[in-house]
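Structure first, commentary second.
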Amino acid sequence: MTTRRKFIQSLPAAGTAFAIAGHLVVGEGAATAHDPAPVKGHFHPKGKAPSKFTVDILKQAKTSLPFADKRDFEEQKKGLIATMKDLKIKADAGHVVWDMERFQFLGKQDEFDSIHPSLLRQSVLNNNYGLYEVIPGIYQVRGFDLSDITFVRGKTGWIVIDPLVSAEPVRAAWKLFQEHIGNGLPVSAVIYSHSHADHWGGVRGIVNEADVRSGKIPVIAPRNFMEHTIAENVYAGNAMNRRLFYQYGLLLPASPYGYVGQGLGQAVSSGAVGLIAPNRLIEKEMEEIVVDGVRMIFQDTPNTEAPTEMNTYIPDMKALWMAENVIASLHNIYTLRGAPVRNPLNWSKYISQALHLFGMEAEVMFASHHWPRWGNARIQEVLRAQRDLYAHMNNQVLHLANQGVTINEIHNVYKLPKSILSNWNCRGYHGSPEHNSRGVIQRFLGFWDCNPTNLIPLPQSESAILFVEMMGGAGKILDRGRELYDQGKYLLAQEILNKLVQAEPQNQIAKDLLADVFEQIGYQQENPGLRNSFLAAAYELRSGIPQGQTADSSSPDVIRAMSTELFLNFLGIRMDSRKAEGLRFTINLVTPDNGEKFLIELENATLTNIKGFQADKPDLTLTINRSDLEQTMMGAKTLEAQITEGTAKVKGDISILKKLAVTMVDFDPRFEIMPGTKAQSQKIGHDDPYKAIARKAIAE
Ligand SMILES: [Zn+2]
């Protein structure tokens, strides 16, 4: 079976053998007055150089940004103990799971005319790679993954905070740490600051599960941790995984014309993801406990950067850990891969609480991404700026919304104050003011701008045909599109060219011109998510969506973390209701080993379940231990095999399971986003309809 990683690695991203998916359709009047030549050194044969308009915009940014403030560079390199000689981390199987070599080009030039100078600065800062002292007793390995791993000296060993995305980088970090500082002492505790996968996925690289189960090693996490680790990305998981190709530019090679980092860190490692459930939850709003001899105050900060998250203060070291609530960037209130919009006011208030409880005396502040801040004045400066950043975004966006500015206009109207923007740590390397401001309106008012035209709009493909006709056909649109391109009016150009591509998905000339337009807009972005999204769309318009087998790469641990209710809810989403018309039945599901019961009903072409209830006269009763059900959820053993072997017991009409199986659909993670980019549909067959397909746990 091909994993998603293998699928991505098999792509011709290195610049050879591009399969052009769409057919070349020569539009009427395909005049070629404008035809910028492909640029040498670009990873794509159709790739273009930045235009003079793009170059001017980037030059302008360079002069207007606070480059004189170099404190981030000093802080980033402070305390360096050792770099790692090898810039690549390999898995046991031999494939590369982490590669910093591909980002070395960033440090070779002071500027690139295809990278926003602010984004370049952030990516150069993220090019750090090694073991650092935060203060004596606290160390970080940075640049081994999207996130940082932290080691705090305990009485008997090392307290590990946030073990990265996958096991291989964690093992490499631990090795480097032990070579210089660790003194051979073991891991004595683990802390997960929050539920996103880049803060726990590598735990198996450093801890044996048996030691956690026996209680020898405490694994501490905020309350409701397990409920949220994967819940955030199961229901819409396939869509989120597809959207990651845009936000994280998964098909783009590292290049001045492509991927230049992710703002939070350079990339996401692709090793083995595992999850060991915590054995100690922080249940109170504020809880002080002694962890391996170290006094720690945990500040619960739910519904901020993650649904469940906590900051930690170590009073005896005057060290403040801000998890992912305060990093060297504006974070996502709305995240482009798709997620429920976060609560910026809550976020701001918890930063404020941390400032007043701990920030008045803290002497060092560190986090799960980027680099620490030293000295109380600097800590207060950053905390105050970050507090105001999220509060301003909430307040001013709603201020404008209350005066009639809609979700479709807010990004053009809302501006952060200059005093906030002059802090490098408040600039948009993850969230952007543009997509965050729209997110705030979405949170409070939803998608509708209150113009009835936008209430029940036609499909774009349908309305675009009329637009194209009214504009005088493809030839005229292409001519005007080229003119706008030549004038540097890219946002106007995309409006009309998108209409043409929507109306004529096979018009490759239109797709190529729209790709050229997207590429320039991409080069101009400070925010890597926006840059990647435009460049990813350009890639797919030029080359089509890569074909090949895909499969989910979710780890057994991640499947185990899925509650039975979540699994059943997701079956309801996977069911194609059109195939279930007329079916009607009830199933009692009993999982004796954990004492759970569910009533599952199919009625009105809708699959529902309710926990704790049973039907008096079910059509079928299925009794299976949760531990056995997990085998089916993981795809290790079909439900049919479990019934044959007797690990699952059935009473009643067993044919129901087959009928239900027929309605289940596997989601293809390569669905089309831009029209005409999918060459052919490839059915991914699966032989186990009751396998849980959680897709990849999402890091952020
Ligand atoms: Zn993170």
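Here's how to read the names in the structure tokens: chain A, B, ... by the order shown, residue numbers from 1 in each chain, ligand numbers from 1 in the order shown.
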TODO: Can you check which residues of range 50-205 of chain A DSSP gives as helix (DSSP H, G or I) on the backbone and send them as a count of residues only?
DONE: 58
Task: Test item: residues no farther than 6 Å from ligand 1, counting only C-alpha atoms and all ligand atoms, as number ranges by chain - done: A: 147, 198, 700
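Taking only C-alpha atoms into account, Val170 in chain A lies nearest to A:Arg204 out of the set A:His194, A:Arg443, A:Lys155, A:Arg204.
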Task: DSSP-assigned strand (DSSP E) members of range 91-187 of chain A, reported as a ChimeraX atom specification - done: /A:96-99,130-135,138-142,149-153,158-161,187
Selection export as a tab-separated table (two decimals), in the first residue's frame, atoms kept: N, CA, C and O atoms:
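Result written to part-v3.tsv:
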chain	number	residue	atom	x	y	z
A	96	VAL	N	13.97	9.75	3.66
A	96	VAL	CA	14.27	10.99	4.37
A	96	VAL	C	12.97	11.54	4.96
A	96	VAL	O	12.00	11.76	4.25
A	97	VAL	N	12.95	11.73	6.28
A	97	VAL	CA	11.73	12.25	6.91
A	97	VAL	C	11.86	13.75	7.22
A	97	VAL	O	10.87	14.41	7.51
A	98	TRP	N	13.09	14.24	7.16
A	98	TRP	CA	13.30	15.66	7.47
A	98	TRP	C	14.53	16.12	6.71
A	98	TRP	O	15.56	15.45	6.75
A	99	ASP	N	14.39	17.24	6.02
A	99	ASP	CA	15.45	17.67	5.13
A	99	ASP	C	15.62	19.18	5.21
A	99	ASP	O	14.80	19.94	4.70
A	130	GLY	N	19.50	22.95	15.55
A	130	GLY	CA	20.44	22.47	16.56
A	130	GLY	C	19.90	22.50	17.97
A	130	GLY	O	18.70	22.67	18.21
A	131	LEU	N	20.83	22.32	18.89
A	131	LEU	CA	20.52	22.28	20.32
A	131	LEU	C	20.88	23.63	20.94
A	131	LEU	O	21.98	24.14	20.72
A	132	TYR	N	19.97	24.19	21.70
A	132	TYR	CA	20.15	25.51	22.30
A	132	TYR	C	19.87	25.45	23.79
A	132	TYR	O	18.97	24.75	24.24
A	133	GLU	N	20.63	26.27	24.55
A	133	GLU	CA	20.29	26.46	25.95
A	133	GLU	C	19.31	27.63	26.04
A	133	GLU	O	19.56	28.70	25.48
A	134	VAL	N	18.18	27.41	26.73
A	134	VAL	CA	17.23	28.50	26.98
A	134	VAL	C	17.72	29.26	28.22
A	134	VAL	O	17.97	30.46	28.17
A	135	ILE	N	17.88	28.53	29.32
A	135	ILE	CA	18.62	28.96	30.51
A	135	ILE	C	19.24	27.68	31.07
A	135	ILE	O	18.82	26.58	30.68
A	138	ILE	N	17.15	24.38	31.08
A	138	ILE	CA	16.12	24.28	30.04
A	138	ILE	C	16.81	24.37	28.67
A	138	ILE	O	17.57	25.31	28.41
A	139	TYR	N	16.50	23.39	27.82
A	139	TYR	CA	17.16	23.30	26.51
A	139	TYR	C	16.11	23.04	25.44
A	139	TYR	O	15.06	22.45	25.71
A	140	GLN	N	16.42	23.49	24.23
A	140	GLN	CA	15.51	23.21	23.11
A	140	GLN	C	16.30	22.68	21.93
A	140	GLN	O	17.40	23.16	21.65
A	141	VAL	N	15.69	21.72	21.24
A	141	VAL	CA	16.20	21.38	19.91
A	141	VAL	C	15.22	22.01	18.93
A	141	VAL	O	14.02	21.74	18.97
A	142	ARG	N	15.78	22.88	18.08
A	142	ARG	CA	14.94	23.60	17.12
A	142	ARG	C	15.37	23.25	15.70
A	142	ARG	O	16.51	22.89	15.45
A	149	ILE	N	11.28	20.93	20.32
A	149	ILE	CA	11.18	20.03	21.47
A	149	ILE	C	12.00	20.63	22.60
A	149	ILE	O	13.10	21.15	22.37
A	150	THR	N	11.44	20.59	23.83
A	150	THR	CA	12.08	21.24	24.97
A	150	THR	C	12.39	20.21	26.05
A	150	THR	O	11.60	19.29	26.29
A	151	PHE	N	13.56	20.37	26.68
A	151	PHE	CA	13.97	19.48	27.78
A	151	PHE	C	14.22	20.32	29.03
A	151	PHE	O	15.02	21.25	29.01
A	152	VAL	N	13.51	19.97	30.12
A	152	VAL	CA	13.68	20.67	31.39
A	152	VAL	C	14.29	19.70	32.40
A	152	VAL	O	13.81	18.58	32.56
A	153	ARG	N	15.35	20.15	33.10
A	153	ARG	CA	16.03	19.28	34.05
A	153	ARG	C	15.16	19.05	35.27
A	153	ARG	O	14.76	20.00	35.96
A	158	TRP	N	14.88	14.06	32.63
A	158	TRP	CA	14.50	15.18	31.77
A	158	TRP	C	13.00	15.20	31.51
A	158	TRP	O	12.43	14.18	31.11
A	159	ILE	N	12.41	16.37	31.73
A	159	ILE	CA	10.99	16.56	31.43
A	159	ILE	C	10.92	17.06	29.98
A	159	ILE	O	11.52	18.08	29.64
A	160	VAL	N	10.20	16.31	29.16
A	160	VAL	CA	10.14	16.63	27.73
A	160	VAL	C	8.84	17.37	27.44
A	160	VAL	O	7.76	16.89	27.78
A	161	ILE	N	8.96	18.54	26.82
A	161	ILE	CA	7.74	19.26	26.43
A	161	ILE	C	7.60	19.21	24.91
A	161	ILE	O	8.52	19.58	24.18
A	187	VAL	N	14.27	10.10	30.35
A	187	VAL	CA	13.07	10.94	30.33
A	187	VAL	C	12.28	10.66	31.61
A	187	VAL	O	12.02	9.51	31.93
Report as JSON lines: every residue of range 505-614 of chain A with an atom at most 7 Å from range 490-497 of chain A, its closest pair of atoms, and their distance in Å to one decimal, counting only C-alpha atoms, with rows sorted by chain and ascending residue number.
{"residue": "A:Ala510", "atom": "CA", "partner": "A:Leu497", "partner_atom": "CA", "distance": 6.6}
{"residue": "A:Leu514", "atom": "CA", "partner": "A:Leu497", "partner_atom": "CA", "distance": 5.8}
{"residue": "A:Val517", "atom": "CA", "partner": "A:Tyr490", "partner_atom": "CA", "distance": 5.7}
{"residue": "A:Ile521", "atom": "CA", "partner": "A:Tyr490", "partner_atom": "CA", "distance": 6.7}
- [ ] Extract, using only C-alpha atoms, all DNA, RNA and protein residues at most 12 Å from Ala377 in chain A, discarding same-chain residues fewer than 4 positions from it, and format them as a ChimeraX atom specification.
- [x] /A:355,359-365,373,381-384
Open item on the list: Residues near Ala699 in chain A, anyone? I mean within 12 Å using only C-alpha atoms, not counting same-chain ones fewer than 5 positions away, as a PyMOL selection string.
Closed with: chain A and resi 145-147+164-166+194-202+229-230+232-233+240-241+244+248+262+264-265+267-270+273+306+324+335+337+369
Task: Surrounding residues of range 420-425 of chain A excluding itself and chain neighbours under 2 positions, 9 Å, only C-alpha atoms, as a ChimeraX atom specification - done: /A:65-66,69,72,118,326-330,382,385-386,388-389,416-418,427-429
Using only C-alpha atoms, which protein or nucleic acid residues come within 12 Å of Leu336 in chain A? Drop anything in the same chain fewer than 3 positions from it, and give the result as an mmCIF file with C-alpha atoms, in the first residue's frame.
data_model
loop_
_atom_site.group_PDB
_atom_site.id
_atom_site.type_symbol
_atom_site.label_atom_id
_atom_site.label_comp_id
_atom_site.auth_asym_id
_atom_site.auth_seq_id
_atom_site.Cartn_x
_atom_site.Cartn_y
_atom_site.Cartn_z
ATOM 1 C CA ALA A 239 -11.110 17.926 2.603
ATOM 2 C CA MET A 240 -8.553 19.275 5.085
ATOM 3 C CA ASN A 241 -5.866 16.950 3.754
ATOM 4 C CA ARG A 242 -6.591 18.113 0.220
ATOM 5 C CA ARG A 243 -6.500 21.748 1.312
ATOM 6 C CA LEU A 244 -3.101 21.179 2.933
ATOM 7 C CA PHE A 245 -1.767 20.813 -0.616
ATOM 8 C CA TYR A 246 -2.599 24.507 -0.933
ATOM 9 C CA GLN A 247 -1.873 25.911 2.528
ATOM 10 C CA TYR A 248 1.327 23.908 2.986
ATOM 11 C CA GLY A 249 2.224 23.782 -0.708
ATOM 12 C CA HIS A 331 -1.378 32.884 14.290
ATOM 13 C CA ASN A 332 -4.404 31.570 12.470
ATOM 14 C CA ILE A 333 -7.804 32.651 13.694
ATOM 15 C CA ALA A 339 -11.140 24.381 10.822
ATOM 16 C CA PRO A 340 -13.714 25.972 13.077
ATOM 17 C CA VAL A 341 -12.798 29.635 13.493
ATOM 18 C CA HIS A 430 0.739 31.831 9.737
ATOM 19 C CA GLY A 431 -2.465 33.788 10.005
ATOM 20 C CA SER A 432 -2.742 36.806 7.740
ATOM 21 C CA GLU A 434 -6.656 39.158 5.267
ATOM 22 C CA HIS A 435 -7.894 35.652 5.999
ATOM 23 C CA ASN A 436 -8.124 36.166 9.768
ATOM 24 C CA ARG A 438 -12.736 37.238 7.226
ATOM 25 C CA GLY A 439 -12.589 34.466 9.822
ATOM 26 C CA ASN A 527 2.120 35.042 4.332
ATOM 27 C CA PRO A 528 3.364 31.555 3.377
ATOM 28 C CA GLY A 529 -0.136 30.038 3.402
ATOM 29 C CA LEU A 530 -1.337 32.612 0.888
ATOM 30 C CA ARG A 531 1.816 32.298 -1.192
ATOM 31 C CA ASN A 532 1.582 28.513 -1.239
ATOM 32 C CA SER A 533 -2.106 28.569 -2.120
ATOM 33 C CA GLU A 700 -0.264 23.355 13.302
#
